[in-house]
file input.txt (compact mmCIF, C-alpha atoms)
# COMPACT_ATOMS: atom_id res chain seq x y z
CA MET A 78 -47.35 -39.38 26.14
CA ASP A 79 -48.83 -41.99 23.79
CA ASN A 80 -46.66 -43.34 20.97
CA TYR A 81 -47.68 -43.94 17.34
CA LEU A 82 -45.75 -44.51 14.13
CA VAL A 83 -46.03 -45.45 10.47
CA PHE A 84 -44.53 -48.63 9.01
CA GLY A 85 -43.41 -48.63 5.38
CA ASN A 86 -40.53 -49.44 3.09
CA PRO A 87 -39.40 -47.00 1.82
CA ILE A 88 -40.68 -44.55 4.44
CA ALA A 89 -38.30 -41.54 4.36
CA GLN A 90 -40.73 -39.63 2.12
CA SER A 91 -43.70 -40.11 4.46
CA LYS A 92 -45.61 -36.98 5.47
CA SER A 93 -47.53 -38.85 8.19
CA PRO A 94 -45.35 -37.67 11.13
CA LEU A 95 -45.81 -34.03 10.10
CA ILE A 96 -49.55 -34.48 9.57
CA HIS A 97 -50.14 -36.16 12.92
CA GLN A 98 -47.90 -33.67 14.72
CA MET A 99 -50.06 -30.85 13.35
CA PHE A 100 -53.25 -32.74 14.30
CA ALA A 101 -51.91 -33.25 17.84
CA GLU A 102 -50.99 -29.58 18.28
CA GLN A 103 -54.34 -28.47 16.95
CA THR A 104 -56.34 -30.80 19.23
CA GLN A 105 -53.97 -30.59 22.23
CA GLN A 106 -53.27 -34.32 22.24
CA ALA A 107 -50.06 -35.52 23.93
CA ILE A 108 -48.61 -37.95 21.39
CA THR A 109 -45.40 -38.77 19.57
CA TYR A 110 -45.49 -40.06 15.99
CA THR A 111 -42.42 -41.47 14.23
CA LYS A 112 -41.68 -43.77 11.30
CA SER A 113 -40.19 -47.24 10.92
CA GLN A 114 -38.73 -49.03 7.88
CA PRO A 115 -38.46 -52.77 8.57
CA GLU A 116 -37.63 -55.31 5.89
CA GLU A 117 -40.66 -57.28 4.72
CA ALA A 118 -39.64 -60.36 6.72
CA GLU A 119 -39.26 -58.22 9.85
CA PHE A 120 -42.63 -56.47 9.79
CA LYS A 121 -44.47 -58.76 12.20
CA ALA A 122 -41.61 -58.68 14.72
CA SER A 123 -41.35 -54.89 14.41
CA VAL A 124 -45.04 -54.46 15.25
CA ALA A 125 -44.70 -56.84 18.22
CA THR A 126 -41.71 -54.86 19.53
CA PHE A 127 -43.61 -51.59 19.18
CA ILE A 128 -46.58 -53.04 21.10
CA ASN A 129 -44.29 -54.38 23.83
CA ASN A 130 -42.74 -50.91 24.15
CA GLY A 131 -46.17 -49.44 24.82
CA GLY A 132 -47.19 -48.32 21.31
CA LYS A 133 -50.87 -47.37 21.04
CA GLY A 134 -51.36 -47.52 17.28
CA ALA A 135 -49.68 -47.49 13.89
CA ASN A 136 -50.31 -46.58 10.29
CA VAL A 137 -49.24 -49.06 7.63
CA THR A 138 -48.26 -48.22 4.08
CA ALA A 139 -46.68 -50.14 1.20
CA PRO A 140 -45.66 -52.93 1.15
CA PHE A 141 -47.18 -54.01 4.48
CA LYS A 142 -50.94 -53.37 4.16
CA GLU A 143 -51.82 -56.98 3.29
CA GLN A 144 -49.42 -58.41 5.89
CA ALA A 145 -51.01 -56.21 8.55
CA ILE A 146 -54.35 -58.03 8.19
CA GLN A 147 -52.78 -61.23 9.49
CA LEU A 148 -51.86 -59.50 12.76
CA CYS A 149 -55.41 -58.37 13.53
CA GLU A 150 -57.83 -60.11 15.87
CA HIS A 151 -60.56 -57.63 14.96
CA LEU A 152 -61.17 -56.10 11.51
CA THR A 153 -63.68 -53.49 10.41
CA GLU A 154 -65.86 -54.40 7.44
CA ARG A 155 -64.10 -51.84 5.25
CA ALA A 156 -60.68 -53.32 6.10
CA ASN A 157 -61.92 -56.86 5.51
CA MET A 158 -63.45 -56.00 2.13
CA ALA A 159 -60.40 -53.95 1.14
CA GLY A 160 -58.13 -56.90 1.93
CA ALA A 161 -55.71 -54.40 3.44
CA VAL A 162 -55.15 -52.52 6.69
CA ASN A 163 -53.62 -49.06 7.00
CA THR A 164 -54.55 -48.35 10.64
CA LEU A 165 -53.65 -50.58 13.59
CA SER A 166 -54.87 -49.99 17.15
CA PHE A 167 -53.50 -51.80 20.19
CA ARG A 168 -55.98 -52.07 23.08
CA ASP A 169 -56.53 -54.58 25.88
CA GLY A 170 -53.84 -56.87 24.53
CA LYS A 171 -55.56 -57.14 21.13
CA VAL A 172 -54.79 -55.80 17.65
CA TYR A 173 -57.56 -53.98 15.77
CA GLY A 174 -57.34 -53.25 12.04
CA ASP A 175 -59.07 -50.64 9.89
CA ASN A 176 -58.68 -49.11 6.45
CA THR A 177 -59.24 -45.36 6.22
CA ASP A 178 -58.16 -44.82 2.59
CA GLY A 179 -61.68 -44.94 1.17
CA ILE A 180 -63.20 -42.55 3.68
CA GLY A 181 -60.24 -40.22 3.04
CA LEU A 182 -61.06 -40.24 -0.67
CA VAL A 183 -64.81 -39.76 -0.19
CA ASN A 184 -64.37 -36.90 2.28
CA ASP A 185 -61.88 -35.18 -0.03
CA LEU A 186 -64.31 -35.40 -2.94
CA LYS A 187 -67.07 -33.97 -0.74
CA SER A 188 -64.80 -31.13 0.39
CA HIS A 189 -64.54 -30.19 -3.31
CA GLN A 190 -68.36 -30.23 -3.56
CA VAL A 191 -68.32 -33.35 -5.72
CA GLN A 192 -71.65 -35.19 -5.67
CA LEU A 193 -71.49 -38.99 -5.53
CA THR A 194 -75.10 -39.97 -4.82
CA ASN A 195 -76.85 -41.20 -7.99
CA LYS A 196 -73.72 -40.47 -10.02
CA SER A 197 -71.87 -42.69 -12.48
CA ILE A 198 -68.33 -43.44 -11.28
CA LEU A 199 -65.44 -44.95 -13.24
CA LEU A 200 -62.76 -46.51 -11.02
CA MET A 201 -59.48 -47.13 -12.84
CA GLY A 202 -57.42 -50.05 -11.59
CA ALA A 203 -58.17 -53.30 -9.78
CA GLY A 204 -55.33 -53.47 -7.26
CA GLY A 205 -55.18 -52.65 -3.57
CA ALA A 206 -55.75 -48.92 -4.02
CA ALA A 207 -59.01 -49.54 -5.90
CA ARG A 208 -60.12 -52.30 -3.54
CA GLY A 209 -59.67 -50.01 -0.55
CA VAL A 210 -62.13 -47.35 -1.72
CA ILE A 211 -65.03 -49.37 -3.14
CA LEU A 212 -67.03 -49.90 0.07
CA PRO A 213 -66.97 -46.20 1.13
CA LEU A 214 -67.91 -45.20 -2.43
CA LEU A 215 -70.83 -47.66 -2.43
CA ALA A 216 -71.97 -46.17 0.90
CA GLU A 217 -72.57 -42.89 -0.95
CA ASN A 218 -75.25 -44.62 -3.05
CA PRO A 219 -73.93 -43.90 -6.55
CA ALA A 220 -75.93 -44.94 -9.62
CA ARG A 221 -73.09 -47.28 -10.59
CA ILE A 222 -69.38 -47.92 -10.17
CA VAL A 223 -67.60 -49.32 -13.21
CA ILE A 224 -64.15 -50.81 -12.64
CA VAL A 225 -61.80 -50.61 -15.62
CA ASN A 226 -58.52 -52.47 -15.78
CA ARG A 227 -56.01 -53.65 -18.36
CA THR A 228 -56.78 -57.22 -17.28
CA VAL A 229 -60.57 -57.33 -17.42
CA GLU A 230 -60.75 -60.61 -15.50
CA LYS A 231 -59.07 -58.97 -12.52
CA ALA A 232 -61.63 -56.16 -12.60
CA LYS A 233 -64.49 -58.69 -12.80
CA LEU A 234 -63.10 -60.61 -9.82
CA LEU A 235 -62.96 -57.40 -7.82
CA ALA A 236 -66.53 -56.49 -8.76
CA THR A 237 -67.88 -59.89 -7.68
CA ARG A 238 -65.99 -59.68 -4.36
CA PHE A 239 -68.37 -56.95 -3.20
CA ASN A 240 -71.56 -58.66 -4.44
CA ASP A 241 -73.31 -55.41 -5.30
CA GLU A 242 -75.42 -54.93 -8.42
CA LYS A 243 -74.10 -51.38 -8.83
CA LEU A 244 -70.61 -52.73 -9.53
CA SER A 245 -69.48 -53.86 -12.99
CA ALA A 246 -66.21 -54.28 -14.87
CA ILE A 247 -64.97 -53.38 -18.35
CA GLY A 248 -61.78 -53.12 -20.38
CA TYR A 249 -60.28 -49.80 -21.47
CA SER A 250 -61.55 -50.18 -25.04
CA GLU A 251 -65.12 -50.03 -23.71
CA THR A 252 -64.61 -46.63 -22.08
CA ALA A 253 -65.36 -45.04 -25.46
CA GLU A 254 -68.97 -46.25 -25.22
CA THR A 255 -70.25 -44.22 -22.25
CA THR A 256 -69.57 -41.11 -20.14
CA PHE A 257 -69.04 -40.72 -16.40
CA ASP A 258 -69.70 -38.08 -13.76
CA VAL A 259 -66.62 -38.98 -11.71
CA ILE A 260 -63.42 -40.74 -12.84
CA ILE A 261 -60.96 -41.93 -10.17
CA ASN A 262 -57.45 -43.05 -11.08
CA ALA A 263 -56.38 -45.77 -8.63
CA THR A 264 -53.67 -47.13 -10.93
CA SER A 265 -49.95 -46.57 -10.44
CA ALA A 266 -49.60 -45.09 -13.95
CA SER A 267 -49.05 -41.53 -12.70
CA LEU A 268 -46.11 -42.64 -10.57
CA SER A 269 -44.26 -43.59 -13.74
CA ALA A 270 -45.67 -40.67 -15.77
CA ASN A 271 -47.72 -42.97 -17.97
CA LEU A 272 -51.23 -42.48 -19.27
CA PRO A 273 -53.78 -45.29 -18.96
CA ASP A 274 -55.56 -46.24 -22.20
CA LEU A 275 -58.68 -44.29 -21.27
CA SER A 276 -60.86 -43.03 -24.11
CA PRO A 277 -61.37 -39.25 -24.03
CA LYS A 278 -64.97 -39.94 -25.10
CA CYS A 279 -65.85 -40.91 -21.52
CA ILE A 280 -65.05 -37.37 -20.31
CA THR A 281 -67.53 -34.52 -20.69
CA GLU A 282 -67.58 -30.94 -19.43
CA LYS A 283 -69.50 -32.26 -16.40
CA THR A 284 -66.89 -34.89 -15.44
CA VAL A 285 -64.75 -34.63 -12.31
CA CYS A 286 -61.38 -36.43 -12.58
CA TYR A 287 -59.45 -37.51 -9.48
CA ASP A 288 -55.93 -38.94 -9.23
CA MET A 289 -54.78 -40.60 -5.99
CA VAL A 290 -51.23 -39.43 -6.78
CA TYR A 291 -50.16 -35.90 -5.82
CA GLY A 292 -47.19 -33.65 -6.49
CA ALA A 293 -46.04 -30.08 -7.03
CA GLU A 294 -47.59 -30.18 -10.51
CA LEU A 295 -50.70 -31.86 -11.86
CA SER A 296 -50.11 -35.48 -12.85
CA LEU A 297 -49.98 -36.39 -16.53
CA PHE A 298 -53.42 -37.99 -16.13
CA LEU A 299 -55.05 -34.88 -14.64
CA THR A 300 -53.38 -32.64 -17.24
CA TRP A 301 -54.79 -34.91 -19.96
CA CYS A 302 -58.26 -34.78 -18.36
CA ALA A 303 -58.15 -30.98 -18.20
CA GLU A 304 -57.14 -30.85 -21.88
CA HIS A 305 -60.23 -32.92 -22.65
CA LYS A 306 -62.44 -30.35 -20.90
CA ALA A 307 -63.12 -32.13 -17.60
CA ARG A 308 -65.09 -29.82 -15.29
CA GLN A 309 -62.71 -30.30 -12.36
CA VAL A 310 -59.40 -32.10 -11.71
CA ILE A 311 -58.28 -33.03 -8.18
CA ASP A 312 -55.09 -34.67 -6.94
CA GLY A 313 -54.72 -37.06 -3.99
CA LEU A 314 -53.17 -34.78 -1.36
CA GLY A 315 -56.52 -34.28 0.35
CA MET A 316 -57.02 -38.05 0.43
CA LEU A 317 -53.67 -38.40 2.21
CA VAL A 318 -54.69 -35.88 4.86
CA GLY A 319 -58.22 -37.32 5.05
CA GLN A 320 -57.13 -40.90 5.71
CA ALA A 321 -54.72 -39.61 8.38
CA ALA A 322 -57.52 -37.61 10.02
CA GLU A 323 -59.68 -40.73 10.19
CA SER A 324 -56.82 -42.72 11.76
CA PHE A 325 -56.28 -39.92 14.29
CA TYR A 326 -59.99 -40.01 15.15
CA ILE A 327 -59.92 -43.80 15.61
CA TRP A 328 -57.03 -43.49 18.06
CA ARG A 329 -57.86 -40.26 19.90
CA LYS A 330 -61.67 -39.91 19.48
CA VAL A 331 -61.05 -36.31 18.41
CA ARG A 332 -61.70 -35.21 14.83
CA PRO A 333 -58.98 -32.82 13.62
CA GLU A 334 -59.61 -29.96 11.23
CA GLN A 335 -57.88 -30.62 7.92
CA THR A 336 -57.84 -27.32 6.01
CA GLN A 337 -54.74 -25.77 7.59
CA VAL A 338 -52.81 -29.03 7.45
CA LEU A 339 -53.65 -29.45 3.77
CA ALA A 340 -52.63 -25.85 3.04
CA LYS A 341 -49.29 -26.38 4.82
CA LEU A 342 -48.53 -29.54 2.82
CA ARG A 343 -49.58 -27.88 -0.43
CA SER A 344 -47.27 -24.91 0.16
CA GLN A 345 -44.40 -27.26 1.02
CA LEU A 346 -44.98 -29.25 -2.18
CA GLN A 347 -44.89 -26.10 -4.25
CA GLY A 348 -41.71 -24.89 -2.55
CA VAL A 349 -43.38 -21.87 -0.96
CA ASP A 350 -42.86 -23.10 2.60
CA LYS A 351 -39.47 -24.74 3.05
call {"tool": "encode", "arguments": {"input": "input.txt", "output": "structure tokens"}}
result
Amino acid sequence: MDNYLVFGNPIAQSKSPLIHQMFAEQTQQAITYTKSQPEEAEFKASVATFINNGGKGANVTAPFKEQAIQLCEHLTERANMAGAVNTLSFRDGKVYGDNTDGIGLVNDLKSHQVQLTNKSILLMGAGGAARGVILPLLAENPARIVIVNRTVEKAKLLATRFNDEKLSAIGYSETAETTFDVIINATSASLSANLPDLSPKCITEKTVCYDMVYGAELSLFLTWCAEHKARQVIDGLGMLVGQAAESFYIWRKVRPEQTQVLAKLRSQLQGVDK
């Protein structure tokens, strides 16, 4: 029986143990998956203890994703460019780090038949959540990705980090000047039920709007997008399941099917399945 867990603080709300338990049952993998809530100063020691106890891998969520990079002897390109790790693997006495958030987002968009190739994408926010999805989005060969942030300088710094001519940065006031095929909210605004200062002029009836936040109801942002006639609005529950599926594949070399897991989580969120 191989042991895995997720590190975070707080962590009580985490759905990762349930998701990975369902993946394991579906693929007949003999694993346990639990959760751990160390204090920030204890994170490194907690990982070391888990490794010493025979742990095979771990997911990492807030506030430890940046700290986790410092523990890794090997990083994937997407983890290095994201500046954050959400998947740790322990093999041959070494620590390997990856970031599966971006591929989780891209695969969720594709599962909703959202085209990204040659499309114009607006990415809202310039923090860790935005940074983690840029490389996988670029891999889909969009026409352009425009990063918008309250502090434009932060958005410009993020754009230059990736050194790609398809990336640019603007302030929210400039979103009134053009339209986008796909708009992705990677800000924390929805967590506090706030609306970013996005101009409704950048949304058309062909625009798909995505919010990384999920809940029983549509977020304020997605409700606002729907009111402004967006073609499709999608929350981040599929991204959560998708990033977990990619972590599971990294560890077990088996790709789980996500549809039933997503349906189970959705019914739980809506209070149908207690």
call {"tool": "closest_residue", "arguments": {"input": "input.txt", "among": "A:Ala122, A:Ile261, A:Leu342, A:Val223", "to": "Val310 in chain A", "atoms": "all atoms listed in the file"}}
result
A:Ile261
call {"tool": "closest_residue", "arguments": {"input": "input.txt", "among": "A:Met289, A:Pro273, A:Lys196, A:Gly204", "to": "Lys243 in chain A", "atoms": "all atoms listed in the file"}}
result
A:Lys196
call {"tool": "closest_residue", "arguments": {"input": "input.txt", "among": "A:Gln337, A:Ser267, A:Ser296, A:Thr228", "to": "Gln103 in chain A", "atoms": "all atoms listed in the file"}}
result
A:Gln337
call {"tool": "closest_residue", "arguments": {"input": "input.txt", "among": "A:Lys306, A:Lys112, A:Lys187, A:Arg155", "to": "Val83 in chain A", "atoms": "all atoms listed in the file"}}
result
A:Lys112
call {"tool": "closest_residue", "arguments": {"input": "input.txt", "among": "A:Thr281, A:Gln144, A:Ser188, A:Ser93", "to": "Thr255 in chain A", "atoms": "all atoms listed in the file"}}
result
A:Thr281
call {"tool": "atom_distance", "arguments": {"input": "input.txt", "atom1": "CA of Val183 in chain A", "atom2": "CA of Tyr249 in chain A"}}
result
24.0 Å
call {"tool": "atom_distance", "arguments": {"input": "input.txt", "atom1": "CA of Asn163 in chain A", "atom2": "CA of Gly348 in chain A"}}
result
28.6 Å
call {"tool": "closest_residue", "arguments": {"input": "input.txt", "among": "A:Ser269, A:Ser245, A:Thr138, A:Ser197", "to": "Lys92 in chain A", "atoms": "all atoms listed in the file"}}
result
A:Thr138
call {"tool": "residues_around", "arguments": {"input": "input.txt", "residues": "Leu82 in chain A", "least_positions_apart": "3", "cutoff": "10 Å", "atoms": "all atoms listed in the file", "output": "PyMOL selection string"}}
result
chain A and resi 85+93-94+97+109-113+127+132-137+165
call {"tool": "atom_distance", "arguments": {"input": "input.txt", "atom1": "CA of Leu297 in chain A", "atom2": "CA of Leu272 in chain A"}}
result
6.8 Å
call {"tool": "residues_around", "arguments": {"input": "input.txt", "residues": "Ala203 in chain A", "least_positions_apart": "4", "cutoff": "7 Å", "atoms": "all atoms listed in the file", "output": "list in words"}}
result
Ala207, Arg208, Asn226, Lys231, Ala232 and Leu235 of chain A
call {"tool": "residues_near_point", "arguments": {"input": "input.txt", "point": "(-67.2, -37.7, -26.6)", "cutoff": "9 Å", "atoms": "all atoms listed in the file", "output": "mmCIF file with C-alpha atoms, in the frame of the given file"}}
result
data_model
loop_
_atom_site.group_PDB
_atom_site.id
_atom_site.type_symbol
_atom_site.label_atom_id
_atom_site.label_comp_id
_atom_site.auth_asym_id
_atom_site.auth_seq_id
_atom_site.Cartn_x
_atom_site.Cartn_y
_atom_site.Cartn_z
ATOM 1 C CA ALA A 253 -65.360 -45.040 -25.460
ATOM 2 C CA GLU A 254 -68.970 -46.250 -25.220
ATOM 3 C CA THR A 255 -70.250 -44.220 -22.250
ATOM 4 C CA THR A 256 -69.570 -41.110 -20.140
ATOM 5 C CA SER A 276 -60.860 -43.030 -24.110
ATOM 6 C CA PRO A 277 -61.370 -39.250 -24.030
ATOM 7 C CA LYS A 278 -64.970 -39.940 -25.100
ATOM 8 C CA CYS A 279 -65.850 -40.910 -21.520
ATOM 9 C CA ILE A 280 -65.050 -37.370 -20.310
ATOM 10 C CA THR A 281 -67.530 -34.520 -20.690
#
call {"tool": "residues_around", "arguments": {"input": "input.txt", "residues": "Tyr326 in chain A", "least_positions_apart": "6", "cutoff": "12 Å", "atoms": "only C-alpha atoms", "output": "tab-separated table (two decimals) with C-alpha atoms, in the coordinates of the input"}}
result
chain	number	residue	atom	x	y	z
A	97	HIS	CA	-50.14	-36.16	12.92
A	100	PHE	CA	-53.25	-32.74	14.30
A	101	ALA	CA	-51.91	-33.25	17.84
A	104	THR	CA	-56.34	-30.80	19.23
A	106	GLN	CA	-53.27	-34.32	22.24
A	134	GLY	CA	-51.36	-47.52	17.28
A	164	THR	CA	-54.55	-48.35	10.64
A	166	SER	CA	-54.87	-49.99	17.15
A	175	ASP	CA	-59.07	-50.64	9.89
A	177	THR	CA	-59.24	-45.36	6.22
A	319	GLY	CA	-58.22	-37.32	5.05
A	320	GLN	CA	-57.13	-40.90	5.71
A	332	ARG	CA	-61.70	-35.21	14.83
A	333	PRO	CA	-58.98	-32.82	13.62
A	334	GLU	CA	-59.61	-29.96	11.23
call {"tool": "residues_around", "arguments": {"input": "input.txt", "residues": "Gly179 in chain A", "least_positions_apart": "4", "cutoff": "12 Å", "atoms": "all atoms listed in the file", "output": "PyMOL selection string"}}
result
chain A and resi 155-156+158-159+161-163+175+183-186+205-217+261+263+289+313+315-317+319-321+323-324
call {"tool": "residues_near_point", "arguments": {"input": "input.txt", "point": "(-49.1, -38.0, 21.3)", "cutoff": "6 Å", "atoms": "all atoms listed in the file", "output": "PyMOL selection string"}}
result
chain A and resi 78-80+106-109
call {"tool": "write_last_selection", "arguments": {"input": "input.txt", "atoms": "C-alpha atoms", "output": "JSON list (two decimals), in the coordinates of the input"}}
result
[["chain", "number", "residue", "atom", "x", "y", "z"],
["A", 78, "MET", "CA", -47.35, -39.38, 26.14],
["A", 79, "ASP", "CA", -48.83, -41.99, 23.79],
["A", 80, "ASN", "CA", -46.66, -43.34, 20.97],
["A", 106, "GLN", "CA", -53.27, -34.32, 22.24],
["A", 107, "ALA", "CA", -50.06, -35.52, 23.93],
["A", 108, "ILE", "CA", -48.61, -37.95, 21.39],
["A", 109, "THR", "CA", -45.40, -38.77, 19.57]]
call {"tool": "decode", "arguments": {"input": "input.txt", "residues": "range 221-284 of chain A", "atoms": "C-alpha atoms", "output": "JSON list (two decimals), in the first residue's frame"}}
result
[["chain", "number", "residue", "atom", "x", "y", "z"],
["A", 221, "ARG", "CA", -2.53, 35.81, -28.02],
["A", 222, "ILE", "CA", -2.76, 35.80, -24.24],
["A", 223, "VAL", "CA", -3.34, 39.17, -22.61],
["A", 224, "ILE", "CA", -2.70, 39.40, -18.87],
["A", 225, "VAL", "CA", -4.77, 42.01, -17.04],
["A", 226, "ASN", "CA", -4.08, 43.06, -13.48],
["A", 227, "ARG", "CA", -4.84, 45.95, -11.15],
["A", 228, "THR", "CA", -1.10, 46.60, -10.95],
["A", 229, "VAL", "CA", -0.08, 46.70, -14.60],
["A", 230, "GLU", "CA", 3.62, 46.48, -13.79],
["A", 231, "LYS", "CA", 3.08, 43.11, -12.14],
["A", 232, "ALA", "CA", 1.28, 41.86, -15.25],
["A", 233, "LYS", "CA", 4.12, 43.14, -17.47],
["A", 234, "LEU", "CA", 6.71, 41.38, -15.30],
["A", 235, "LEU", "CA", 4.78, 38.14, -15.62],
["A", 236, "ALA", "CA", 4.51, 38.50, -19.39],
["A", 237, "THR", "CA", 8.26, 39.06, -19.79],
["A", 238, "ARG", "CA", 9.04, 36.04, -17.57],
["A", 239, "PHE", "CA", 7.80, 33.72, -20.32],
["A", 240, "ASN", "CA", 9.56, 35.54, -23.18],
["A", 241, "ASP", "CA", 6.83, 34.80, -25.71],
["A", 242, "GLU", "CA", 5.61, 37.32, -28.28],
["A", 243, "LYS", "CA", 2.03, 36.09, -27.84],
["A", 244, "LEU", "CA", 1.99, 37.39, -24.26],
["A", 245, "SER", "CA", 1.16, 41.01, -23.39],
["A", 246, "ALA", "CA", -0.14, 42.93, -20.39],
["A", 247, "ILE", "CA", -2.76, 45.65, -19.86],
["A", 248, "GLY", "CA", -4.69, 47.39, -17.10],
["A", 249, "TYR", "CA", -8.41, 46.88, -16.54],
["A", 250, "SER", "CA", -9.32, 50.21, -18.16],
["A", 251, "GLU", "CA", -7.94, 48.89, -21.46],
["A", 252, "THR", "CA", -10.30, 45.90, -21.51],
["A", 253, "ALA", "CA", -12.94, 48.17, -23.03],
["A", 254, "GLU", "CA", -10.86, 48.44, -26.22],
["A", 255, "THR", "CA", -10.99, 44.85, -27.51],
["A", 256, "THR", "CA", -12.92, 41.56, -27.27],
["A", 257, "PHE", "CA", -11.77, 38.07, -26.33],
["A", 258, "ASP", "CA", -12.72, 34.51, -27.20],
["A", 259, "VAL", "CA", -11.85, 33.15, -23.76],
["A", 260, "ILE", "CA", -11.65, 35.02, -20.43],
["A", 261, "ILE", "CA", -10.10, 33.23, -17.44],
["A", 262, "ASN", "CA", -10.44, 34.61, -13.92],
["A", 263, "ALA", "CA", -7.30, 33.69, -11.95],
["A", 264, "THR", "CA", -7.83, 36.41, -9.33],
["A", 265, "SER", "CA", -9.07, 35.78, -5.80],
["A", 266, "ALA", "CA", -11.97, 38.24, -6.27],
["A", 267, "SER", "CA", -14.63, 35.52, -6.36],
["A", 268, "LEU", "CA", -13.51, 34.18, -2.99],
["A", 269, "SER", "CA", -14.55, 37.47, -1.41],
["A", 270, "ALA", "CA", -17.59, 37.92, -3.69],
["A", 271, "ASN", "CA", -16.03, 40.89, -5.45],
["A", 272, "LEU", "CA", -16.11, 41.75, -9.13],
["A", 273, "PRO", "CA", -12.89, 42.71, -10.93],
["A", 274, "ASP", "CA", -13.02, 45.99, -12.87],
["A", 275, "LEU", "CA", -13.49, 44.22, -16.19],
["A", 276, "SER", "CA", -15.25, 46.13, -18.95],
["A", 277, "PRO", "CA", -18.34, 44.33, -20.28],
["A", 278, "LYS", "CA", -17.28, 45.53, -23.74],
["A", 279, "CYS", "CA", -14.66, 42.78, -23.90],
["A", 280, "ILE", "CA", -17.39, 40.10, -23.75],
["A", 281, "THR", "CA", -19.37, 39.09, -26.83],
["A", 282, "GLU", "CA", -21.90, 36.34, -27.51],
["A", 283, "LYS", "CA", -18.94, 34.21, -28.66],
["A", 284, "THR", "CA", -16.93, 34.60, -25.42]]
